[in-house]
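Raw my_file_23.cif, mmCIF, C-alpha atoms and all ligand atoms; chains and numbers go by the auth columns:
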data_data
loop_
_atom_site.group_PDB
_atom_site.id
_atom_site.type_symbol
_atom_site.label_atom_id
_atom_site.label_comp_id
_atom_site.label_asym_id
_atom_site.label_seq_id
_atom_site.Cartn_x
_atom_site.Cartn_y
_atom_site.Cartn_z
_atom_site.B_iso_or_equiv
_atom_site.auth_seq_id
_atom_site.auth_asym_id
ATOM 1 C CA MET A 1 38.533 -11.253 -12.072 0.00 28 A
ATOM 2 C CA ILE A 2 35.836 -13.681 -13.033 0.00 29 A
ATOM 3 C CA ASP A 3 32.258 -12.511 -13.319 0.00 30 A
ATOM 4 C CA LYS A 4 30.269 -13.617 -10.267 0.00 31 A
ATOM 5 C CA LYS A 5 27.401 -14.877 -12.407 0.00 32 A
ATOM 6 C CA LEU A 6 29.815 -16.955 -14.441 0.00 33 A
ATOM 7 C CA LEU A 7 31.256 -18.437 -11.259 0.00 34 A
ATOM 8 C CA ASP A 8 27.745 -19.402 -10.185 0.00 35 A
ATOM 9 C CA ILE A 9 27.090 -21.431 -13.318 0.00 36 A
ATOM 10 C CA LEU A 10 30.503 -23.032 -13.533 0.00 37 A
ATOM 11 C CA ALA A 11 30.965 -26.456 -12.001 0.00 38 A
ATOM 12 C CA CYS A 12 33.857 -28.839 -11.768 0.00 39 A
ATOM 13 C CA PRO A 13 33.789 -31.111 -14.857 0.00 40 A
ATOM 14 C CA VAL A 14 35.058 -34.030 -12.778 0.00 41 A
ATOM 15 C CA CYS A 15 32.829 -34.052 -9.694 0.00 42 A
ATOM 16 C CA LYS A 16 30.292 -31.268 -10.471 0.00 43 A
ATOM 17 C CA GLY A 17 31.351 -29.467 -7.327 0.00 44 A
ATOM 18 C CA ASP A 18 31.043 -25.725 -6.857 0.00 45 A
ATOM 19 C CA ILE A 19 33.904 -23.509 -7.949 0.00 46 A
ATOM 20 C CA PHE A 20 35.479 -20.557 -6.209 0.00 47 A
ATOM 21 C CA GLU A 21 38.116 -18.111 -7.333 0.00 48 A
ATOM 22 C CA ASP A 22 41.528 -18.194 -5.689 0.00 49 A
ATOM 23 C CA LYS A 23 44.081 -15.767 -7.071 0.00 50 A
ATOM 24 C CA GLU A 24 44.547 -16.678 -10.725 0.00 51 A
ATOM 25 C CA GLU A 25 42.813 -20.019 -10.510 0.00 52 A
ATOM 26 C CA LEU A 26 39.386 -21.539 -10.024 0.00 53 A
ATOM 27 C CA VAL A 27 39.228 -24.167 -7.316 0.00 54 A
ATOM 28 C CA CYS A 28 36.701 -26.947 -6.840 0.00 55 A
ATOM 29 C CA VAL A 29 35.348 -27.070 -3.285 0.00 56 A
ATOM 30 C CA LYS A 30 34.991 -30.852 -3.410 0.00 57 A
ATOM 31 C CA CYS A 31 37.975 -32.409 -5.164 0.00 58 A
ATOM 32 C CA LYS A 32 40.278 -29.359 -4.846 0.00 59 A
ATOM 33 C CA ARG A 33 41.298 -29.427 -8.483 0.00 60 A
ATOM 34 C CA ARG A 34 42.638 -26.035 -9.570 0.00 61 A
ATOM 35 C CA TYR A 35 41.655 -24.836 -13.021 0.00 62 A
ATOM 36 C CA PRO A 36 43.657 -22.161 -14.784 0.00 63 A
ATOM 37 C CA VAL A 37 42.239 -18.894 -16.103 0.00 64 A
ATOM 38 C CA ARG A 38 43.835 -17.683 -19.307 0.00 65 A
ATOM 39 C CA GLU A 39 43.126 -14.175 -20.548 0.00 66 A
ATOM 40 C CA GLY A 40 39.990 -14.090 -18.426 0.00 67 A
ATOM 41 C CA ILE A 41 38.669 -17.394 -19.714 0.00 68 A
ATOM 42 C CA PRO A 42 38.309 -20.281 -17.264 0.00 69 A
ATOM 43 C CA ILE A 43 39.793 -23.485 -18.621 0.00 70 A
ATOM 44 C CA MET A 44 37.442 -26.066 -17.148 0.00 71 A
ATOM 45 C CA LEU A 45 39.194 -29.153 -18.442 0.00 72 A
ATOM 46 C CA GLU A 46 40.202 -32.106 -16.315 0.00 73 A
ATOM 47 C CA GLU A 47 43.521 -32.466 -18.153 0.00 74 A
ATOM 48 C CA GLU A 48 44.379 -28.807 -17.441 0.00 75 A
ATOM 49 C CA ALA A 49 43.621 -29.011 -13.729 0.00 76 A
ATOM 50 C CA ARG A 50 46.232 -29.216 -11.009 0.00 77 A
ATOM 51 C CA ILE A 51 45.640 -31.179 -7.830 0.00 78 A
ATOM 52 C CA GLU A 52 47.270 -29.950 -4.657 0.00 79 A
HETATM 53 ZN ZN ZN B . 35.804 -31.255 -8.429 0.00 1 B
#

Now that the file is in, can you turn its structure into structure tokens?
Ligand SMILES: [Zn+2]
Amino acid sequence: MIDKKLLDILACPVCKGDIFEDKEELVCVKCKRRYPVREGIPIMLEEEARIE
């Protein structure tokens, strides 16, 4: 679980879109990139993101 306040300040590094939590990943509402969370730490790196 990601802290709600942390989710509020996080933004997609690619398009600056808002982020929401989906299962074990953080998803950008705009470009739909999916960022992994490892040991509770969001990995907000373009090269780590998956695109569906
Ligand atoms: Zn994005």

Check which residues satisfy the PyMOL selection byres (((chain A and resi 30) around 12) and not hetatm) in the file shown, then give them as a PyMOL selection string. chain A and resi 28-29+31-37+47-48+53+67-69

Using only C-alpha atoms and all ligand atoms, which residues of the polymer chains come no farther than 6 Å from ligand ZN 1 (chain B)? I'd like the answer as a ChimeraX atom specification. /A:39,41-44,55,57-58,60

Just-selected residues, C-alpha atoms written as a short mmCIF file (atom, residue, chain, number, x, y, z; two decimals), in the frame of the given file:
data_model
loop_
_atom_site.label_atom_id
_atom_site.label_comp_id
_atom_site.auth_asym_id
_atom_site.auth_seq_id
_atom_site.Cartn_x
_atom_site.Cartn_y
_atom_site.Cartn_z
CA CYS A 39 33.86 -28.84 -11.77
CA VAL A 41 35.06 -34.03 -12.78
CA CYS A 42 32.83 -34.05 -9.69
CA LYS A 43 30.29 -31.27 -10.47
CA GLY A 44 31.35 -29.47 -7.33
CA CYS A 55 36.70 -26.95 -6.84
CA LYS A 57 34.99 -30.85 -3.41
CA CYS A 58 37.98 -32.41 -5.16
CA ARG A 60 41.30 -29.43 -8.48
#

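Selection result for the displayed file, with the PyMOL selection byres (((chain A and resi 75) around 10) and not hetatm) as criterion, is A:Arg60, A:Arg61, A:Tyr62, A:Pro63, A:Ile70, A:Met71, A:Leu72, A:Glu73, A:Glu74, A:Ala76, A:Arg77, A:Ile78.
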
Could you work out an axis-aligned bounding box for all listed atoms of segment 38-56 of chain A, with 4 Å added on each of the six sides, and give its centre and edge lengths in Å to one decimal, as AutoDock Vina command-line options?
--center_x 37.4 --center_y -24.9 --center_z -9.1 --size_x 22.3 --size_y 26.3 --size_z 19.6
